[in-house]
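A.B. asks: Just one file: target00.pdb, with PDB, C-alpha atoms.
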ATOM      1  CA  ALA A 739     -20.773   4.242   0.232  1.00  0.00           C
ATOM      2  CA  GLN A 740     -17.919   1.802   0.641  1.00  0.00           C
ATOM      3  CA  ARG A 741     -14.736   3.586   1.419  1.00  0.00           C
ATOM      4  CA  VAL A 742     -11.409   3.011   3.117  1.00  0.00           C
ATOM      5  CA  THR A 743      -9.413   5.986   4.307  1.00  0.00           C
ATOM      6  CA  GLN A 744      -5.745   5.970   5.197  1.00  0.00           C
ATOM      7  CA  PRO A 745      -4.997   9.559   6.173  1.00  0.00           C
ATOM      8  CA  GLU A 746      -1.208   9.326   6.206  1.00  0.00           C
ATOM      9  CA  LYS A 747       0.734   8.993   2.963  1.00  0.00           C
ATOM     10  CA  LEU A 748       4.006   8.639   4.807  1.00  0.00           C
ATOM     11  CA  LEU A 749       4.887   7.620   8.318  1.00  0.00           C
ATOM     12  CA  SER A 750       8.495   7.952   9.320  1.00  0.00           C
ATOM     13  CA  VAL A 751       9.774   6.522  12.608  1.00  0.00           C
ATOM     14  CA  PHE A 752      13.030   5.420  14.164  1.00  0.00           C
ATOM     15  CA  LYS A 753      13.876   1.807  14.833  1.00  0.00           C
ATOM     16  CA  GLY A 754      12.405   0.676  18.127  1.00  0.00           C
ATOM     17  CA  ALA A 755       9.664   3.293  18.152  1.00  0.00           C
ATOM     18  CA  PRO A 756       5.984   2.334  18.256  1.00  0.00           C
ATOM     19  CA  VAL A 757       4.041   2.429  15.030  1.00  0.00           C
ATOM     20  CA  GLU A 758       0.366   3.022  14.344  1.00  0.00           C
ATOM     21  CA  LEU A 759      -0.951   3.119  10.784  1.00  0.00           C
ATOM     22  CA  LYS A 760      -4.455   4.488  10.690  1.00  0.00           C
ATOM     23  CA  CYS A 761      -7.361   3.049   8.732  1.00  0.00           C
ATOM     24  CA  ASN A 762     -10.988   4.123   8.812  1.00  0.00           C
ATOM     25  CA  TYR A 763     -13.780   2.593   6.818  1.00  0.00           C
ATOM     26  CA  SER A 764     -17.295   3.313   5.688  1.00  0.00           C
ATOM     27  CA  TYR A 765     -19.535   0.313   5.078  1.00  0.00           C
ATOM     28  CA  SER A 766     -23.192  -0.362   5.756  1.00  0.00           C
ATOM     29  CA  GLY A 767     -22.782  -4.088   6.337  1.00  0.00           C
ATOM     30  CA  SER A 768     -20.697  -6.129   8.728  1.00  0.00           C
ATOM     31  CA  PRO A 769     -17.115  -5.233   7.780  1.00  0.00           C
ATOM     32  CA  GLU A 770     -14.393  -7.695   6.965  1.00  0.00           C
ATOM     33  CA  LEU A 771     -11.047  -5.919   6.953  1.00  0.00           C
ATOM     34  CA  PHE A 772      -7.501  -6.712   5.977  1.00  0.00           C
ATOM     35  CA  TRP A 773      -4.030  -5.230   6.023  1.00  0.00           C
ATOM     36  CA  TYR A 774      -1.795  -5.903   3.032  1.00  0.00           C
ATOM     37  CA  VAL A 775       1.896  -5.095   2.834  1.00  0.00           C
ATOM     38  CA  GLN A 776       4.006  -4.441  -0.243  1.00  0.00           C
ATOM     39  CA  TYR A 777       7.770  -4.490   0.079  1.00  0.00           C
ATOM     40  CA  SER A 778       9.772  -2.648  -2.522  1.00  0.00           C
ATOM     41  CA  ARG A 779       8.676  -3.697  -6.018  1.00  0.00           C
ATOM     42  CA  GLN A 780       7.092  -6.928  -4.795  1.00  0.00           C
ATOM     43  CA  ARG A 781       3.583  -8.288  -4.893  1.00  0.00           C
ATOM     44  CA  LEU A 782       1.049  -7.405  -2.252  1.00  0.00           C
ATOM     45  CA  GLN A 783       1.002  -9.856   0.588  1.00  0.00           C
ATOM     46  CA  LEU A 784      -1.693 -10.384   3.157  1.00  0.00           C
ATOM     47  CA  LEU A 785      -0.462  -9.262   6.552  1.00  0.00           C
ATOM     48  CA  LEU A 786      -3.521  -9.475   8.777  1.00  0.00           C
ATOM     49  CA  ARG A 787      -7.217 -10.127   8.619  1.00  0.00           C
ATOM     50  CA  HIS A 788      -9.431  -8.996  11.464  1.00  0.00           C
ATOM     51  CA  ILE A 789     -11.438 -12.187  11.506  1.00  0.00           C
ATOM     52  CA  SER A 790      -8.351 -14.165  12.526  1.00  0.00           C
ATOM     53  CA  ARG A 791      -7.402 -11.876  15.410  1.00  0.00           C
ATOM     54  CA  GLU A 792      -3.772 -12.842  14.841  1.00  0.00           C
ATOM     55  CA  SER A 793      -0.410 -11.158  15.259  1.00  0.00           C
ATOM     56  CA  ILE A 794       1.951 -11.328  12.295  1.00  0.00           C
ATOM     57  CA  LYS A 795       5.538 -10.043  12.420  1.00  0.00           C
ATOM     58  CA  GLY A 796       4.613  -8.281  15.655  1.00  0.00           C
ATOM     59  CA  PHE A 797       1.762  -6.345  14.052  1.00  0.00           C
ATOM     60  CA  THR A 798      -1.763  -6.368  15.424  1.00  0.00           C
ATOM     61  CA  ALA A 799      -4.964  -4.672  14.368  1.00  0.00           C
ATOM     62  CA  ASP A 800      -8.239  -4.402  16.207  1.00  0.00           C
ATOM     63  CA  LEU A 801     -11.551  -3.680  14.597  1.00  0.00           C
ATOM     64  CA  ASN A 802     -13.378  -0.869  16.375  1.00  0.00           C
ATOM     65  CA  LYS A 803     -16.882  -0.732  14.980  1.00  0.00           C
ATOM     66  CA  GLY A 804     -17.814   2.288  17.074  1.00  0.00           C
ATOM     67  CA  GLU A 805     -15.032   4.349  15.575  1.00  0.00           C
ATOM     68  CA  THR A 806     -15.139   2.453  12.240  1.00  0.00           C
ATOM     69  CA  SER A 807     -11.408   1.947  12.481  1.00  0.00           C
ATOM     70  CA  PHE A 808      -8.909  -0.849  11.930  1.00  0.00           C
ATOM     71  CA  HIS A 809      -5.566   0.663  12.871  1.00  0.00           C
ATOM     72  CA  LEU A 810      -2.371  -1.365  12.476  1.00  0.00           C
ATOM     73  CA  LYS A 811       0.019  -1.298  15.404  1.00  0.00           C
ATOM     74  CA  LYS A 812       3.453  -2.530  16.315  1.00  0.00           C
ATOM     75  CA  PRO A 813       5.156  -1.707  19.603  1.00  0.00           C
ATOM     76  CA  PHE A 814       8.743  -1.666  18.300  1.00  0.00           C
ATOM     77  CA  ALA A 815       9.370  -0.940  14.626  1.00  0.00           C
ATOM     78  CA  GLN A 816      12.174  -2.683  12.748  1.00  0.00           C
ATOM     79  CA  GLU A 817      13.989  -1.493   9.624  1.00  0.00           C
ATOM     80  CA  GLU A 818      12.612  -4.463   7.690  1.00  0.00           C
ATOM     81  CA  ASP A 819       9.092  -3.164   8.345  1.00  0.00           C
ATOM     82  CA  SER A 820       9.700  -0.390   5.836  1.00  0.00           C
ATOM     83  CA  ALA A 821       7.095  -0.952   3.131  1.00  0.00           C
ATOM     84  CA  MET A 822       3.796   0.218   1.720  1.00  0.00           C
ATOM     85  CA  TYR A 823       0.785  -0.780   3.785  1.00  0.00           C
ATOM     86  CA  TYR A 824      -2.738  -0.985   2.455  1.00  0.00           C
ATOM     87  CA  CYS A 825      -5.938  -1.354   4.428  1.00  0.00           C
ATOM     88  CA  ALA A 826      -8.711  -3.143   2.528  1.00  0.00           C
ATOM     89  CA  LEU A 827     -12.413  -3.801   3.000  1.00  0.00           C
ATOM     90  CA  LEU A 828     -14.179  -6.834   1.576  1.00  0.00           C
ATOM     91  CA  THR A 829     -17.506  -5.826   0.094  1.00  0.00           C
ATOM     92  CA  GLY A 830     -20.622  -7.896  -0.384  1.00  0.00           C
ATOM     93  CA  PHE A 831     -19.625  -8.747  -3.952  1.00  0.00           C
ATOM     94  CA  GLN A 832     -16.318 -10.374  -2.921  1.00  0.00           C
ATOM     95  CA  LYS A 833     -14.444  -7.323  -4.095  1.00  0.00           C
ATOM     96  CA  LEU A 834     -11.753  -5.583  -2.110  1.00  0.00           C
ATOM     97  CA  VAL A 835     -11.843  -1.830  -1.681  1.00  0.00           C
ATOM     98  CA  PHE A 836      -8.399  -0.490  -0.872  1.00  0.00           C
ATOM     99  CA  GLY A 837      -7.224   2.608   0.885  1.00  0.00           C
ATOM    100  CA  THR A 838      -4.637   4.808  -0.771  1.00  0.00           C
ATOM    101  CA  GLY A 839      -1.856   3.284   1.280  1.00  0.00           C
ATOM    102  CA  THR A 840       0.670   4.487   3.839  1.00  0.00           C
ATOM    103  CA  ARG A 841       4.380   4.243   3.279  1.00  0.00           C
ATOM    104  CA  LEU A 842       6.187   3.289   6.465  1.00  0.00           C
ATOM    105  CA  LEU A 843       9.808   4.276   6.663  1.00  0.00           C
ATOM    106  CA  VAL A 844      11.803   2.966   9.608  1.00  0.00           C
ATOM    107  CA  SER A 845      15.160   4.649  10.036  1.00  0.00           C
ATOM    108  CA  PRO A 846      18.090   3.205  11.981  1.00  0.00           C
TER     109      PRO A 846
ATOM    110  CA  ASN B 198       3.333 -24.286  -7.185  1.00  0.00           C
ATOM    111  CA  ALA B 199       3.677 -20.847  -8.783  1.00  0.00           C
ATOM    112  CA  GLY B 200       0.341 -19.535  -7.508  1.00  0.00           C
ATOM    113  CA  VAL B 201      -0.424 -16.544  -9.709  1.00  0.00           C
ATOM    114  CA  THR B 202       1.840 -15.578 -12.601  1.00  0.00           C
ATOM    115  CA  GLN B 203       1.714 -12.505 -14.810  1.00  0.00           C
ATOM    116  CA  THR B 204       3.332 -11.757 -18.136  1.00  0.00           C
ATOM    117  CA  PRO B 205       5.037  -9.615 -19.155  1.00  0.00           C
ATOM    118  CA  LYS B 206       6.822  -8.176 -16.140  1.00  0.00           C
ATOM    119  CA  PHE B 207       7.454  -4.881 -17.869  1.00  0.00           C
ATOM    120  CA  GLN B 208       6.255  -3.314 -21.105  1.00  0.00           C
ATOM    121  CA  VAL B 209       6.687  -0.008 -22.894  1.00  0.00           C
ATOM    122  CA  LEU B 210       4.028   1.007 -25.390  1.00  0.00           C
ATOM    123  CA  LYS B 211       3.455   3.965 -27.623  1.00  0.00           C
ATOM    124  CA  THR B 212       0.144   5.772 -27.471  1.00  0.00           C
ATOM    125  CA  GLY B 213      -2.407   3.940 -29.570  1.00  0.00           C
ATOM    126  CA  GLN B 214      -0.709   0.565 -29.471  1.00  0.00           C
ATOM    127  CA  SER B 215      -2.531  -2.464 -28.150  1.00  0.00           C
ATOM    128  CA  MET B 216      -1.411  -5.235 -25.879  1.00  0.00           C
ATOM    129  CA  THR B 217      -2.695  -8.023 -23.674  1.00  0.00           C
ATOM    130  CA  LEU B 218      -1.606  -8.646 -20.133  1.00  0.00           C
ATOM    131  CA  GLN B 219      -1.745 -12.276 -19.149  1.00  0.00           C
ATOM    132  CA  CYS B 220      -2.569 -13.783 -15.791  1.00  0.00           C
ATOM    133  CA  ALA B 221      -2.591 -17.458 -14.947  1.00  0.00           C
ATOM    134  CA  GLN B 222      -3.259 -19.340 -11.731  1.00  0.00           C
ATOM    135  CA  ASP B 223      -2.582 -22.889 -10.717  1.00  0.00           C
ATOM    136  CA  MET B 224      -4.611 -22.749  -7.522  1.00  0.00           C
ATOM    137  CA  ASN B 225      -7.949 -23.810  -9.048  1.00  0.00           C
ATOM    138  CA  HIS B 226      -9.909 -20.827  -7.774  1.00  0.00           C
ATOM    139  CA  ASN B 227     -12.979 -19.449  -9.483  1.00  0.00           C
ATOM    140  CA  SER B 228     -12.716 -15.703  -8.903  1.00  0.00           C
ATOM    141  CA  MET B 229     -10.013 -13.608 -10.519  1.00  0.00           C
ATOM    142  CA  TYR B 230      -9.402  -9.862 -10.513  1.00  0.00           C
ATOM    143  CA  TRP B 231      -7.440  -7.155 -12.299  1.00  0.00           C
ATOM    144  CA  TYR B 232      -6.296  -4.059 -10.400  1.00  0.00           C
ATOM    145  CA  ARG B 233      -4.199  -1.070 -11.274  1.00  0.00           C
ATOM    146  CA  GLN B 234      -1.924   0.566  -8.739  1.00  0.00           C
ATOM    147  CA  ASP B 235      -1.135   4.258  -8.996  1.00  0.00           C
ATOM    148  CA  PRO B 236       0.744   6.508  -6.558  1.00  0.00           C
ATOM    149  CA  GLY B 237      -1.590   8.178  -4.115  1.00  0.00           C
ATOM    150  CA  MET B 238      -4.581   6.208  -5.332  1.00  0.00           C
ATOM    151  CA  GLY B 239      -3.989   2.750  -3.958  1.00  0.00           C
ATOM    152  CA  LEU B 240      -5.334  -0.199  -5.900  1.00  0.00           C
ATOM    153  CA  ARG B 241      -8.418   0.157  -7.999  1.00  0.00           C
ATOM    154  CA  LEU B 242     -10.412  -2.710  -9.449  1.00  0.00           C
ATOM    155  CA  ILE B 243     -10.607  -2.755 -13.242  1.00  0.00           C
ATOM    156  CA  TYR B 244     -12.512  -5.959 -13.940  1.00  0.00           C
ATOM    157  CA  TYR B 245     -13.239  -9.190 -12.179  1.00  0.00           C
ATOM    158  CA  SER B 246     -14.439 -12.653 -13.074  1.00  0.00           C
ATOM    159  CA  ALA B 247     -16.485 -14.758 -10.704  1.00  0.00           C
ATOM    160  CA  SER B 248     -16.084 -17.874 -12.810  1.00  0.00           C
ATOM    161  CA  GLU B 249     -15.028 -19.150 -16.213  1.00  0.00           C
ATOM    162  CA  GLY B 250     -16.872 -17.324 -18.960  1.00  0.00           C
ATOM    163  CA  THR B 251     -18.159 -14.461 -16.785  1.00  0.00           C
ATOM    164  CA  THR B 252     -16.719 -10.991 -16.317  1.00  0.00           C
ATOM    165  CA  ASP B 253     -17.890  -7.800 -14.617  1.00  0.00           C
ATOM    166  CA  LYS B 254     -16.729  -4.220 -14.498  1.00  0.00           C
ATOM    167  CA  GLY B 255     -14.985  -2.818 -11.498  1.00  0.00           C
ATOM    168  CA  GLU B 256     -14.295   0.757 -10.508  1.00  0.00           C
ATOM    169  CA  VAL B 257     -12.180   1.829 -13.515  1.00  0.00           C
ATOM    170  CA  PRO B 258     -13.022  -0.331 -16.566  1.00  0.00           C
ATOM    171  CA  ASN B 259     -12.841   2.309 -19.305  1.00  0.00           C
ATOM    172  CA  GLY B 260     -10.178   1.606 -21.883  1.00  0.00           C
ATOM    173  CA  TYR B 261      -9.858  -2.061 -20.962  1.00  0.00           C
ATOM    174  CA  ASN B 262     -11.351  -5.376 -21.972  1.00  0.00           C
ATOM    175  CA  VAL B 263     -10.968  -8.759 -20.339  1.00  0.00           C
ATOM    176  CA  SER B 264     -11.311 -12.369 -21.287  1.00  0.00           C
ATOM    177  CA  ARG B 265     -11.838 -15.444 -19.112  1.00  0.00           C
ATOM    178  CA  LEU B 266     -11.860 -18.344 -21.526  1.00  0.00           C
ATOM    179  CA  ASN B 267     -10.970 -20.956 -18.949  1.00  0.00           C
ATOM    180  CA  LYS B 268     -10.657 -21.295 -15.219  1.00  0.00           C
ATOM    181  CA  ARG B 269      -6.911 -20.855 -15.198  1.00  0.00           C
ATOM    182  CA  GLU B 270      -6.413 -17.673 -17.231  1.00  0.00           C
ATOM    183  CA  PHE B 271      -7.733 -14.115 -17.082  1.00  0.00           C
ATOM    184  CA  SER B 272      -6.347 -11.624 -19.589  1.00  0.00           C
ATOM    185  CA  LEU B 273      -6.554  -7.841 -19.682  1.00  0.00           C
ATOM    186  CA  ARG B 274      -6.440  -6.067 -23.023  1.00  0.00           C
ATOM    187  CA  LEU B 275      -5.677  -2.476 -23.850  1.00  0.00           C
ATOM    188  CA  GLU B 276      -6.996  -1.841 -27.354  1.00  0.00           C
ATOM    189  CA  SER B 277      -5.512   1.644 -27.741  1.00  0.00           C
ATOM    190  CA  ALA B 278      -3.110   2.501 -24.982  1.00  0.00           C
ATOM    191  CA  ALA B 279      -3.060   5.995 -23.494  1.00  0.00           C
ATOM    192  CA  PRO B 280      -0.477   7.635 -21.205  1.00  0.00           C
ATOM    193  CA  SER B 281      -3.113   7.624 -18.440  1.00  0.00           C
ATOM    194  CA  GLN B 282      -2.864   3.830 -18.462  1.00  0.00           C
ATOM    195  CA  THR B 283       0.714   3.941 -17.296  1.00  0.00           C
ATOM    196  CA  SER B 284       0.504   1.955 -14.108  1.00  0.00           C
ATOM    197  CA  VAL B 285       1.352  -1.257 -12.341  1.00  0.00           C
ATOM    198  CA  TYR B 286      -1.224  -3.945 -13.009  1.00  0.00           C
ATOM    199  CA  PHE B 287      -1.923  -6.701 -10.542  1.00  0.00           C
ATOM    200  CA  CYS B 288      -3.901  -9.853 -11.044  1.00  0.00           C
ATOM    201  CA  ALA B 289      -5.416 -11.551  -8.011  1.00  0.00           C
ATOM    202  CA  ILE B 290      -7.405 -14.620  -7.157  1.00  0.00           C
ATOM    203  CA  ARG B 291      -9.935 -15.059  -4.425  1.00  0.00           C
ATOM    204  CA  THR B 292      -8.960 -17.586  -1.847  1.00  0.00           C
ATOM    205  CA  SER B 293     -11.527 -18.847   0.570  1.00  0.00           C
ATOM    206  CA  GLY B 294     -12.123 -21.229   3.393  1.00  0.00           C
ATOM    207  CA  GLY B 295     -10.190 -22.030   6.493  1.00  0.00           C
ATOM    208  CA  ARG B 296     -10.133 -20.357   9.860  1.00  0.00           C
ATOM    209  CA  GLY B 297      -9.235 -16.992   8.438  1.00  0.00           C
ATOM    210  CA  GLY B 298     -12.057 -16.656   5.952  1.00  0.00           C
ATOM    211  CA  GLU B 299     -11.517 -15.388   2.472  1.00  0.00           C
ATOM    212  CA  THR B 300      -9.077 -12.950   0.982  1.00  0.00           C
ATOM    213  CA  GLN B 301      -7.185 -12.352  -2.246  1.00  0.00           C
ATOM    214  CA  TYR B 302      -3.796 -13.584  -3.372  1.00  0.00           C
ATOM    215  CA  PHE B 303      -1.874 -11.331  -5.747  1.00  0.00           C
ATOM    216  CA  GLY B 304       0.409 -11.898  -8.682  1.00  0.00           C
ATOM    217  CA  PRO B 305       3.807 -10.186  -9.029  1.00  0.00           C
ATOM    218  CA  GLY B 306       2.502  -7.356 -11.204  1.00  0.00           C
ATOM    219  CA  THR B 307       3.130  -5.939 -14.667  1.00  0.00           C
ATOM    220  CA  ARG B 308       4.689  -2.488 -15.024  1.00  0.00           C
ATOM    221  CA  LEU B 309       3.307  -0.693 -18.048  1.00  0.00           C
ATOM    222  CA  LEU B 310       4.660   2.550 -19.439  1.00  0.00           C
ATOM    223  CA  VAL B 311       2.720   4.275 -22.199  1.00  0.00           C
ATOM    224  CA  LEU B 312       4.627   6.994 -24.010  1.00  0.00           C
TER     225      LEU B 312
END
Please rewrite the model in this file as structure tokens.
C.D. replies:
Amino acid sequence: AQRVTQPEKLLSVFKGAPVELKCNYSYSGSPELFWYVQYSRQRLQLLLRHISRESIKGFTADLNKGETSFHLKKPFAQEEDSAMYYCALLTGFQKLVFGTGTRLLVSP
Amino acid sequence: NAGVTQTPKFQVLKTGQSMTLQCAQDMNHNSMYWYRQDPGMGLRLIYYSASEGTTDKGEVPNGYNVSRLNKREFSLRLESAAPSQTSVYFCAIRTSGGRGGETQYFGPGTRLLVL
């Protein structure tokens, strides 16, 4: 079965603290994974894709096939990082399967 | 270059009413998608269209119909709205190519409230 699990509904941290948003997946093929971000009442925007191995806005994510994880990390959270974050898996039919999302709240 | 546009932005319906949500893209991509976003459930695929004139069901198609009459537009129709269809609806297109591979680009969303 194709599934993406984000175990935390809400993650609350203080500004400057490290952040890790968890994502685990279940997929029989070679996974292609993404992180999307949604700021308040805006459209979803692509944040990261594992295939690019890039760092955007200080965020990084590493695919760990052994643990079937793709956790999103940032060493020092900023208030403007407060948003909804979705992990997504691209399936063989060019469809995205999304996790339920984690709301990140960064307090001053 | 507007990318992906959706109309209306917000709509209130009474149970049993019908309406069509419109999505248009100016990025000349073949694949288009309709998702609904609900608290605690993430985004779920309703229908998708791999190309003009073709459509396929996604995870939650019941109560919806779609139409892809041309490459640019992909509409979602609720024939008889129900309160369970209260949601935020997002249209997306599949973008592909380049160093980063493929992904999806989303429209701004339509908020629908069914009373």
A.B. asks: Counting only C-alpha atoms, which residues from chain A have an atom at most 10 Å from any atom of chain B, and could you show them as an MDAnalysis selection string?
C.D. replies: chainID A and resid 744 747 770:772 774 779:784 786:792 822:828 831:840
A.B. asks: Here is a test: counting all atoms listed in the file, which residue of A:Tyr777, A:Gly830, A:Thr798, A:His809 is nearest to Pro745 in chain A?
C.D. replies: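 That would be A:His809, the residue with the smallest distance to Pro745 in chain A.
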A.B. asks: So that I can check the surroundings of range 264-281 of chain B, please list as a list of chain:residue names every protein, DNA and RNA residue that reaches within 7 Å of it, counting all atoms listed in the file and ignoring chain neighbours fewer than 3 positions away.
C.D. replies: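 Within the cut-off, the hits are B:Thr212, B:Gly213, B:Gln214, B:Ser215, B:Met216, B:Thr217, B:Leu218, B:Gln219, B:Cys220, B:Ala221, B:Gln222, B:Asp223, B:Asn225, B:Asn227, B:Met229, B:Ser248, B:Glu249, B:Gly250, B:Thr251, B:Gly260, B:Tyr261, B:Val311, B:Leu312.
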A.B. asks: To one decimal place, how far is CA of Arg233 in chain B from CA of Thr283 in chain B in Å?
C.D. replies: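 Value for the CA of Arg233 in chain B-CA of Thr283 in chain B distance: 9.2 Å.
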A.B. asks: Take the PyMOL selection byres ((chain A and resi 821) around 7), run it mentally on this structure, and tell me the resulting residues as number ranges by chain.
C.D. replies: A: 775-778, 819-820, 822-823, 841-843
A.B. asks: Those same residues - C-alpha atoms - I'd like them written as a PDB file, in the frame of the given file.
C.D. replies:
ATOM      1  CA  VAL A 775       1.896  -5.095   2.834  1.00  0.00           C
ATOM      2  CA  GLN A 776       4.006  -4.441  -0.243  1.00  0.00           C
ATOM      3  CA  TYR A 777       7.770  -4.490   0.079  1.00  0.00           C
ATOM      4  CA  SER A 778       9.772  -2.648  -2.522  1.00  0.00           C
ATOM      5  CA  ASP A 819       9.092  -3.164   8.345  1.00  0.00           C
ATOM      6  CA  SER A 820       9.700  -0.390   5.836  1.00  0.00           C
ATOM      7  CA  MET A 822       3.796   0.218   1.720  1.00  0.00           C
ATOM      8  CA  TYR A 823       0.785  -0.780   3.785  1.00  0.00           C
ATOM      9  CA  ARG A 841       4.380   4.243   3.279  1.00  0.00           C
ATOM     10  CA  LEU A 842       6.187   3.289   6.465  1.00  0.00           C
ATOM     11  CA  LEU A 843       9.808   4.276   6.663  1.00  0.00           C
TER      12      LEU A 843
END
A.B. asks: Report as a ChimeraX atom specification the full result of the PyMOL selection byres ((chain A and resi 753-758) around 7) when it is applied to this structure.
C.D. replies: /A:751-752,759-760,809-817,844-846
A.B. asks: Using Å and a single decimal, report how far CA of Ala739 in chain A sits from CA of Asn762 in chain A.
C.D. replies: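 Atom-to-atom, CA of Asn762 in chain A and CA of Ala739 in chain A are spaced 13.0 Å apart.
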A.B. asks: Between CA of Ser768 in chain A and CA of Leu748 in chain A, what is the distance, to one decimal in Å?
C.D. replies: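 According to the coordinates, CA of Ser768 in chain A and CA of Leu748 in chain A are separated by 29.0 Å.
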